[in-house]
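K.L.:
First, the structure itself, so that you have it in front of you.
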Amino acid sequence: MGALRELKKRFSEALRGFVDEPETYLNQLRRSGAPQFGDYQANLAMPLAKQLRKSPQEVARTLLDRVKLDDLCQSVNVAGPGFINLRLHDRWLAEELAHAVVDPRLGVPQVAEPRTCVVDYSAPNIAKPMHVGHIRSTVIGDCLCRMLRFVGHRVISDNHIGDWGTQFGMLIYGWRHFADPIAYQRDPLAELGRIYRHVNQLAEQDPQVAQKVLEETARLHAGDPENVALWREFVPRCLAELDALYRRLGVQFDYTLGESFYHDRLPDLVDELLQRGIARESEGAICIFLDGFEAPMIIRKKDGAFLYATTDLATLVYRVNTWHPDCILYVVDHRQSLHFRQLFTAANLLGYKALQLEHVSFGTILGEDGRPFRTRAGDTVALEDLLEEAVRRAREVVDANDDAKPDGPELSEVDRARVAEVVGIGALKYADLSQNRTSDYVFSFDKMLAMTGNTGTYMQYAYARVRSIFAKAGLNADSLRQEGAAILLTTPEERALALELTRFDEAIELALTDWRPNQLTAYLFDLANKYSAFYENCPVLKAESPALRQSRLLLCDLTARTIQKGLELLGIGVVEKM
RNA sequence: GCGCCCGUAGCUCAAGGGAUAGAGCAUCGGAUUUCUAAUCCGACGGUUGCAGGUUCGAAUCCUGCCGGGCGCACCA
């Protein structure tokens, strides 16, 4: 069940009838700041001292009289201004791990009350190739879905693609003026991409072209048969390319309901908002005026066209009516925070007060120069090129490593390519997920694929190294688990590893409280480091006794499974050999 | 002008109001005939932008400055 969970339960019982609102103090239970203090610490005596008008030490001692810890903790003491330091029983740790050994969930419980969460992420404009700017939303959103599902929530992932905006006006305008039919036949997407870039550039320089593009867009929205036919021709091409990319990234969506899906609903929505008095006309536009905001949210332009905000409102209404979610997460970059604050305030006006709406925002990916990451020519970096480069560099790493093996190379050409794919894509994802979501970060291939430090490559290596023990000894992990051998914690390194293994649950919970995947990567890195110390100091196959060998093999197996599951929750694969 | 975010070791970044602010890289010094050295151990490195305040306790919360990023009525 996890020590922290158990401690919270015990302290919660002890606090009941002792203080008001005991639950508010439970987050004062946490992992120890420094190992010499113990495994966990309770910091609640200090804040409680105020409420009870007693000294923190006195409160701590009274509390310890009320809480039952003897079966769980080996030592308990009060230190400093009133910290309660707790050290777990080795026996308790060993029992905890014995459960995890036979548990496919590795001891991570399911939530008692599953919620329904809609996760809105990735959401590219499909008329142009996906670029580096899409990676964060895609990877973070996917990871949040995986974690939420794993702990037992009902998750609906929805890719709100941009398939109805000005970008299609550009394609249609460009198609009429600059299309190269032969090139289109040979490679539709390359040609569409060329057209898009060309028109985009023209429109920036020439207002008349920009105007024409808007007119084509308006005709499409008005249902002009030719424009609609072109749109129907282009969209499947664009989606096919997207799908290929998502497949490679290992990202799947339950729904892909783009802007076009909501188009028909917009007029009625605006009418309804007008009727309910939520929206009103101002300077020819239909607006929702929101308390605390200078500018209103415009939902219909004076020319009659609808906007991003209109579609987002319609999307929100649809999601509520269709899936009845408890919460909707929008994994979108931080520049749109104003838009989402407006959207959420408007949702409140619509009456969705119990619905939890979260803008899971994230920072910009920067180049080494501190400016948004671009190619040398100044263009945005295409996501596909980024993946290619990551895999190419991973291949170099894999080749060098395999060539350097003491007994000669072990991997075939096919193996090497497969490993490079998993390692390269994994490194890219890990590099993103290990950053604090809210800050900008500097992108670097070299750091990303580094063999040391908190990187995906290191984690995958750590996994492969554990698995190689089983391969070397010709052991089957499944049958090992069935044998039910005892876990023995005979050295500090074994104990430190064991403690870390029981914390998987905590790491996931922490990552989900503020939607921060880097809490999970930090945990996995800690785990890998604890394993390394164990690996250095504790012979496994040549352990002093058969019982110790069995125990250490179980620790290895749990480590491998935890890394594998942790990486899986990050959307990253593993390989048995690298 | 207004609003949001950010400022932590030479560099890239962590750190749920809690004890002595931690990692990796870089630099320097050690460990090995590998259960995969893509490793491990150690050293060096900090006035957490500045100044006040709240608190038993502040990198974290509040106020004001300085510096940077991003938004702000008809793009998405």
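Chains: A, B, ... in order of the structure tokens. Residues: from 1 per chain. Ligands: from 1, in order shown.
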Within 6 Å of chain B, which residues of chain A are there when counting only C-alpha atoms (C1' of nucleotides)? Please give them as a ChimeraX atom specification.
P.N.:
/A:301,335,451,453,465,469
K.L.:
I want to know what sits within 10 Å of A:Pro109, based on only C-alpha atoms (C1' of nucleotides), with residues of the same chain fewer than 5 positions away left out; could you give that as a VMD selection string?
P.N.:
chain A and resid 1 to 2 150 to 152 505
K.L.:
Grab the residues selected above and save them as a PDB file, in the first residue's frame with N, CA and C atoms.
P.N.:
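Now in out05.pdb:
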ATOM      1  N   MET A   1       0.829  -1.205   0.000  1.00  0.00           N
ATOM      2  CA  MET A   1       0.000   0.000   0.000  1.00  0.00           C
ATOM      3  C   MET A   1       0.863   1.255   0.000  1.00  0.00           C
ATOM      4  N   GLY A   2       2.101   1.159   0.426  1.00  0.00           N
ATOM      5  CA  GLY A   2       2.949   2.348   0.465  1.00  0.00           C
ATOM      6  C   GLY A   2       2.975   2.938   1.859  1.00  0.00           C
ATOM      7  N   PHE A 150      -3.860   4.556 -15.173  1.00  0.00           N
ATOM      8  CA  PHE A 150      -3.219   3.533 -14.338  1.00  0.00           C
ATOM      9  C   PHE A 150      -3.779   3.555 -12.918  1.00  0.00           C
ATOM     10  N   VAL A 151      -4.025   4.745 -12.384  1.00  0.00           N
ATOM     11  CA  VAL A 151      -4.542   4.785 -11.016  1.00  0.00           C
ATOM     12  C   VAL A 151      -6.056   4.592 -10.963  1.00  0.00           C
ATOM     13  N   GLY A 152      -6.673   4.389 -12.127  1.00  0.00           N
ATOM     14  CA  GLY A 152      -8.065   3.946 -12.110  1.00  0.00           C
ATOM     15  C   GLY A 152      -9.110   4.949 -12.536  1.00  0.00           C
ATOM     16  N   ASP A 505       4.226   4.378  -5.822  1.00  0.00           N
ATOM     17  CA  ASP A 505       2.889   4.926  -5.634  1.00  0.00           C
ATOM     18  C   ASP A 505       2.933   6.422  -5.290  1.00  0.00           C
TER      19      ASP A 505
END
K.L.:
Hey, what's within 6 Å of stretch 256-264 of chain A if we count only C-alpha atoms (C1' of nucleotides) and toss same-chain stuff fewer than 2 positions away? As a short mmCIF file (atom, residue, chain, number, x, y, z; two decimals) with C-alpha atoms, in the first residue's frame, please?
P.N.:
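around30.cif written:
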data_model
loop_
_atom_site.label_atom_id
_atom_site.label_comp_id
_atom_site.auth_asym_id
_atom_site.auth_seq_id
_atom_site.Cartn_x
_atom_site.Cartn_y
_atom_site.Cartn_z
CA ASP A 158 -9.45 14.07 -27.35
CA ASN A 159 -7.28 15.59 -30.04
CA HIS A 160 -8.86 18.92 -30.86
CA ILE A 161 -7.17 19.33 -34.22
CA GLY A 162 -7.22 22.57 -36.18
CA ASP A 163 -8.93 21.34 -39.35
CA TRP A 164 -11.18 24.24 -40.19
CA LEU A 266 -21.73 27.50 -33.40
#
K.L.:
So that I can check the surroundings of stretch 432-440 of chain A, please list as JSON, numbers by chain every protein, DNA and RNA residue that reaches within 10 Å of it, counting only C-alpha atoms (C1' of nucleotides) and ignoring chain neighbours fewer than 4 positions away.
P.N.:
{"A": [135, 136, 137, 139, 140, 143, 333, 334, 360, 361, 362, 363, 364, 365, 366, 370, 372, 426, 427, 428, 448, 454, 455, 456, 514, 515, 516, 517, 518, 519, 520, 521, 522, 525, 570, 571], "B": [5, 6, 13, 14, 69]}
K.L.:
DSSP on the backbone, strand (DSSP E) only: what residues of stretch 101-188 of chain A does that give? Format it as a VMD selection string.
P.N.:
chain A and resid 116 to 120 154 to 158
K.L.:
Go through A:Val111, A:Met46, A:Leu488, A:Leu15 and flag the residue nearest B:G17, using only C-alpha atoms (C1' of nucleotides) for the distances.
P.N.:
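For B:G17, the nearest of the given residues is A:Met46.
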K.L.:
Can you pull out every residue within 10 Å of A:Cys556, counting only C-alpha atoms (C1' of nucleotides), but drop anything in the same chain fewer than 4 positions away, and send it as an mmCIF file with N, CA and C atoms, in the first residue's frame?
P.N.:
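File produced: result_20.cif:
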data_model
loop_
_atom_site.group_PDB
_atom_site.id
_atom_site.type_symbol
_atom_site.label_atom_id
_atom_site.label_comp_id
_atom_site.auth_asym_id
_atom_site.auth_seq_id
_atom_site.Cartn_x
_atom_site.Cartn_y
_atom_site.Cartn_z
ATOM 1 N N TYR A 463 17.604 -0.349 -17.108
ATOM 2 C CA TYR A 463 16.679 -1.470 -17.276
ATOM 3 C C TYR A 463 17.372 -2.659 -17.941
ATOM 4 N N ARG A 465 20.414 -3.377 -18.097
ATOM 5 C CA ARG A 465 21.463 -3.957 -17.258
ATOM 6 C C ARG A 465 20.856 -4.920 -16.226
ATOM 7 N N VAL A 466 19.712 -4.558 -15.673
ATOM 8 C CA VAL A 466 19.060 -5.466 -14.735
ATOM 9 C C VAL A 466 18.639 -6.737 -15.466
ATOM 10 N N ARG A 467 18.044 -6.546 -16.622
ATOM 11 C CA ARG A 467 17.529 -7.700 -17.359
ATOM 12 C C ARG A 467 18.655 -8.634 -17.799
ATOM 13 N N ILE A 469 21.073 -9.600 -16.163
ATOM 14 C CA ILE A 469 21.382 -10.566 -15.101
ATOM 15 C C ILE A 469 20.544 -11.830 -15.302
ATOM 16 N N PHE A 470 19.282 -11.626 -15.597
ATOM 17 C CA PHE A 470 18.395 -12.773 -15.812
ATOM 18 C C PHE A 470 18.792 -13.529 -17.077
ATOM 19 N N ALA A 477 11.921 -14.789 -14.831
ATOM 20 C CA ALA A 477 11.464 -13.948 -13.719
ATOM 21 C C ALA A 477 10.098 -14.389 -13.206
ATOM 22 N N LEU A 497 17.395 0.521 -1.584
ATOM 23 C CA LEU A 497 16.685 0.139 -2.809
ATOM 24 C C LEU A 497 15.258 -0.288 -2.491
ATOM 25 N N TYR A 531 19.639 1.599 -7.321
ATOM 26 C CA TYR A 531 19.960 0.297 -7.887
ATOM 27 C C TYR A 531 21.442 0.197 -8.212
ATOM 28 N N PHE A 534 23.351 -0.504 -5.162
ATOM 29 C CA PHE A 534 23.100 -1.911 -4.832
ATOM 30 C C PHE A 534 23.934 -2.837 -5.728
ATOM 31 N N TYR A 535 23.915 -2.537 -6.992
ATOM 32 C CA TYR A 535 24.599 -3.344 -7.996
ATOM 33 C C TYR A 535 26.111 -3.372 -7.753
ATOM 34 N N VAL A 540 24.789 -10.440 -7.018
ATOM 35 C CA VAL A 540 23.479 -11.084 -7.101
ATOM 36 C C VAL A 540 23.653 -12.571 -7.407
ATOM 37 N N GLN A 550 18.289 -15.450 -4.097
ATOM 38 C CA GLN A 550 16.866 -15.354 -4.444
ATOM 39 C C GLN A 550 16.316 -13.974 -4.104
ATOM 40 N N SER A 551 16.656 -13.521 -2.911
ATOM 41 C CA SER A 551 16.169 -12.224 -2.453
ATOM 42 C C SER A 551 16.652 -11.115 -3.382
ATOM 43 N N ARG A 552 17.931 -11.154 -3.717
ATOM 44 C CA ARG A 552 18.482 -10.089 -4.561
ATOM 45 C C ARG A 552 17.911 -10.155 -5.978
ATOM 46 N N ALA A 560 13.441 -3.732 -12.216
ATOM 47 C CA ALA A 560 13.200 -3.747 -13.665
ATOM 48 C C ALA A 560 11.734 -3.465 -13.973
ATOM 49 N N ARG A 561 10.850 -4.120 -13.234
ATOM 50 C CA ARG A 561 9.413 -3.930 -13.503
ATOM 51 C C ARG A 561 8.958 -2.508 -13.180
ATOM 52 N N THR A 562 9.544 -1.942 -12.127
ATOM 53 C CA THR A 562 9.159 -0.568 -11.758
ATOM 54 C C THR A 562 9.660 0.421 -12.806
#
K.L.:
Using only C-alpha atoms (C1' of nucleotides), which protein or nucleic acid residues come within 12 Å of B:G29? Drop anything in the same chain fewer than 3 positions from it, and give the result as number ranges by chain.
P.N.:
B: 41-44
K.L.:
May I have the selected residues written with N, CA and C atoms (P, O5', C5', C4', C3', O3' and C1' of nucleotides), as a PDB file, in the first residue's frame?
P.N.:
ATOM      1  P     C B  41      27.845   6.832  -5.787  1.00  0.00           P
ATOM      2  O5'   C B  41      29.243   6.979  -5.046  1.00  0.00           O
ATOM      3  C5'   C B  41      29.598   6.097  -3.996  1.00  0.00           C
ATOM      4  C4'   C B  41      30.991   6.414  -3.536  1.00  0.00           C
ATOM      5  C3'   C B  41      31.259   7.882  -3.253  1.00  0.00           C
ATOM      6  O3'   C B  41      30.784   8.292  -1.998  1.00  0.00           O
ATOM      7  C1'   C B  41      33.026   6.991  -4.542  1.00  0.00           C
ATOM      8  P     G B  42      30.275   9.817  -1.806  1.00  0.00           P
ATOM      9  O5'   G B  42      31.609  10.684  -1.941  1.00  0.00           O
ATOM     10  C5'   G B  42      32.571  10.637  -0.911  1.00  0.00           C
ATOM     11  C4'   G B  42      33.831  11.338  -1.340  1.00  0.00           C
ATOM     12  C3'   G B  42      33.750  12.832  -1.594  1.00  0.00           C
ATOM     13  O3'   G B  42      33.671  13.586  -0.404  1.00  0.00           O
ATOM     14  C1'   G B  42      35.098  11.823  -3.237  1.00  0.00           C
ATOM     15  P     A B  43      32.991  15.036  -0.426  1.00  0.00           P
ATOM     16  O5'   A B  43      34.086  15.896  -1.198  1.00  0.00           O
ATOM     17  C5'   A B  43      35.352  16.152  -0.598  1.00  0.00           C
ATOM     18  C4'   A B  43      36.205  16.952  -1.531  1.00  0.00           C
ATOM     19  C3'   A B  43      35.632  18.308  -1.927  1.00  0.00           C
ATOM     20  O3'   A B  43      35.885  19.289  -0.948  1.00  0.00           O
ATOM     21  C1'   A B  43      36.436  17.197  -3.848  1.00  0.00           C
ATOM     22  P     C B  44      34.843  20.457  -0.719  1.00  0.00           P
ATOM     23  O5'   C B  44      35.057  21.362  -2.014  1.00  0.00           O
ATOM     24  C5'   C B  44      36.310  21.971  -2.280  1.00  0.00           C
ATOM     25  C4'   C B  44      36.317  22.564  -3.659  1.00  0.00           C
ATOM     26  C3'   C B  44      35.183  23.537  -3.944  1.00  0.00           C
ATOM     27  O3'   C B  44      35.457  24.831  -3.441  1.00  0.00           O
ATOM     28  C1'   C B  44      35.404  22.025  -5.744  1.00  0.00           C
TER      29        C B  44
END
K.L.:
Taking into account only C-alpha atoms, which residue in the set A:Phe344, A:Phe37, A:Tyr121, A:Trp323 is nearest to A:Leu86?
P.N.:
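Of all the options, A:Phe37 lies closest to A:Leu86.
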K.L.:
Just how far from atom CA of A:Met130 is atom CA of A:Asp379, in Å to one decimal?
P.N.:
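Separation between atom CA of A:Asp379 and atom CA of A:Met130: 12.5 Å.
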K.L.:
To one decimal in Å, tell me the separation between atom CA of A:Leu555 and atom CA of A:Ala498.
P.N.:
7.3 Å
K.L.:
I need the alpha helix (DSSP H) residues of stretch 2-53 of chain A per DSSP on the backbone, written as a ChimeraX atom specification.
P.N.:
/A:3-15,45-52
K.L.:
Please produce a file of the residues just selected, as a short mmCIF file (atom, residue, chain, number, x, y, z; two decimals), in the first residue's frame, where the atoms kept are N, CA and C atoms.
P.N.:
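As a result, part.cif now contains:
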data_model
loop_
_atom_site.label_atom_id
_atom_site.label_comp_id
_atom_site.auth_asym_id
_atom_site.auth_seq_id
_atom_site.Cartn_x
_atom_site.Cartn_y
_atom_site.Cartn_z
N ALA A 3 4.16 3.28 2.30
CA ALA A 3 4.33 3.74 3.68
C ALA A 3 3.62 5.06 3.93
N LEU A 4 3.71 5.96 2.96
CA LEU A 4 3.13 7.28 3.17
C LEU A 4 1.62 7.19 3.33
N ARG A 5 1.01 6.40 2.48
CA ARG A 5 -0.43 6.17 2.55
C ARG A 5 -0.81 5.61 3.92
N GLU A 6 -0.02 4.61 4.35
CA GLU A 6 -0.28 3.96 5.63
C GLU A 6 -0.10 4.95 6.79
N LEU A 7 0.96 5.75 6.71
CA LEU A 7 1.23 6.74 7.77
C LEU A 7 0.10 7.77 7.83
N LYS A 8 -0.36 8.18 6.68
CA LYS A 8 -1.44 9.18 6.67
C LYS A 8 -2.68 8.61 7.33
N LYS A 9 -2.93 7.33 7.03
CA LYS A 9 -4.10 6.68 7.62
C LYS A 9 -3.99 6.66 9.15
N ARG A 10 -2.82 6.26 9.59
CA ARG A 10 -2.63 6.13 11.04
C ARG A 10 -2.71 7.50 11.73
N PHE A 11 -2.06 8.49 11.15
CA PHE A 11 -2.07 9.81 11.77
C PHE A 11 -3.46 10.44 11.68
N SER A 12 -4.15 10.14 10.60
CA SER A 12 -5.50 10.65 10.45
C SER A 12 -6.37 10.15 11.59
N GLU A 13 -6.25 8.86 11.90
CA GLU A 13 -7.02 8.29 13.01
C GLU A 13 -6.62 8.93 14.34
N ALA A 14 -5.32 9.14 14.50
CA ALA A 14 -4.83 9.71 15.75
C ALA A 14 -5.29 11.15 15.94
N LEU A 15 -5.46 11.86 14.82
CA LEU A 15 -5.81 13.27 14.91
C LEU A 15 -7.30 13.48 15.13
N ALA A 45 3.54 18.83 14.06
CA ALA A 45 3.52 19.32 15.45
C ALA A 45 3.64 20.84 15.51
N MET A 46 4.41 21.41 14.60
CA MET A 46 4.62 22.86 14.63
C MET A 46 3.34 23.64 14.35
N PRO A 47 2.67 23.36 13.21
CA PRO A 47 1.42 24.08 12.99
C PRO A 47 0.35 23.76 14.04
N LEU A 48 0.35 22.52 14.53
CA LEU A 48 -0.65 22.14 15.54
C LEU A 48 -0.40 22.86 16.85
N ALA A 49 0.86 23.12 17.16
CA ALA A 49 1.21 23.76 18.42
C ALA A 49 0.48 25.08 18.55
N LYS A 50 0.35 25.76 17.44
CA LYS A 50 -0.32 27.05 17.44
C LYS A 50 -1.79 26.88 17.80
N GLN A 51 -2.43 25.94 17.11
CA GLN A 51 -3.85 25.73 17.35
C GLN A 51 -4.12 25.27 18.78
N LEU A 52 -3.23 24.45 19.32
CA LEU A 52 -3.46 23.86 20.65
C LEU A 52 -2.83 24.67 21.77
#
K.L.:
Nearest to B:C28 among B:G53, B:G68, B:G45, B:A9, with distances taken over only C-alpha atoms (C1' of nucleotides): which residue is it?
P.N.:
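With only C-alpha atoms (C1' of nucleotides) as the atom set, the closest residue is B:G45.
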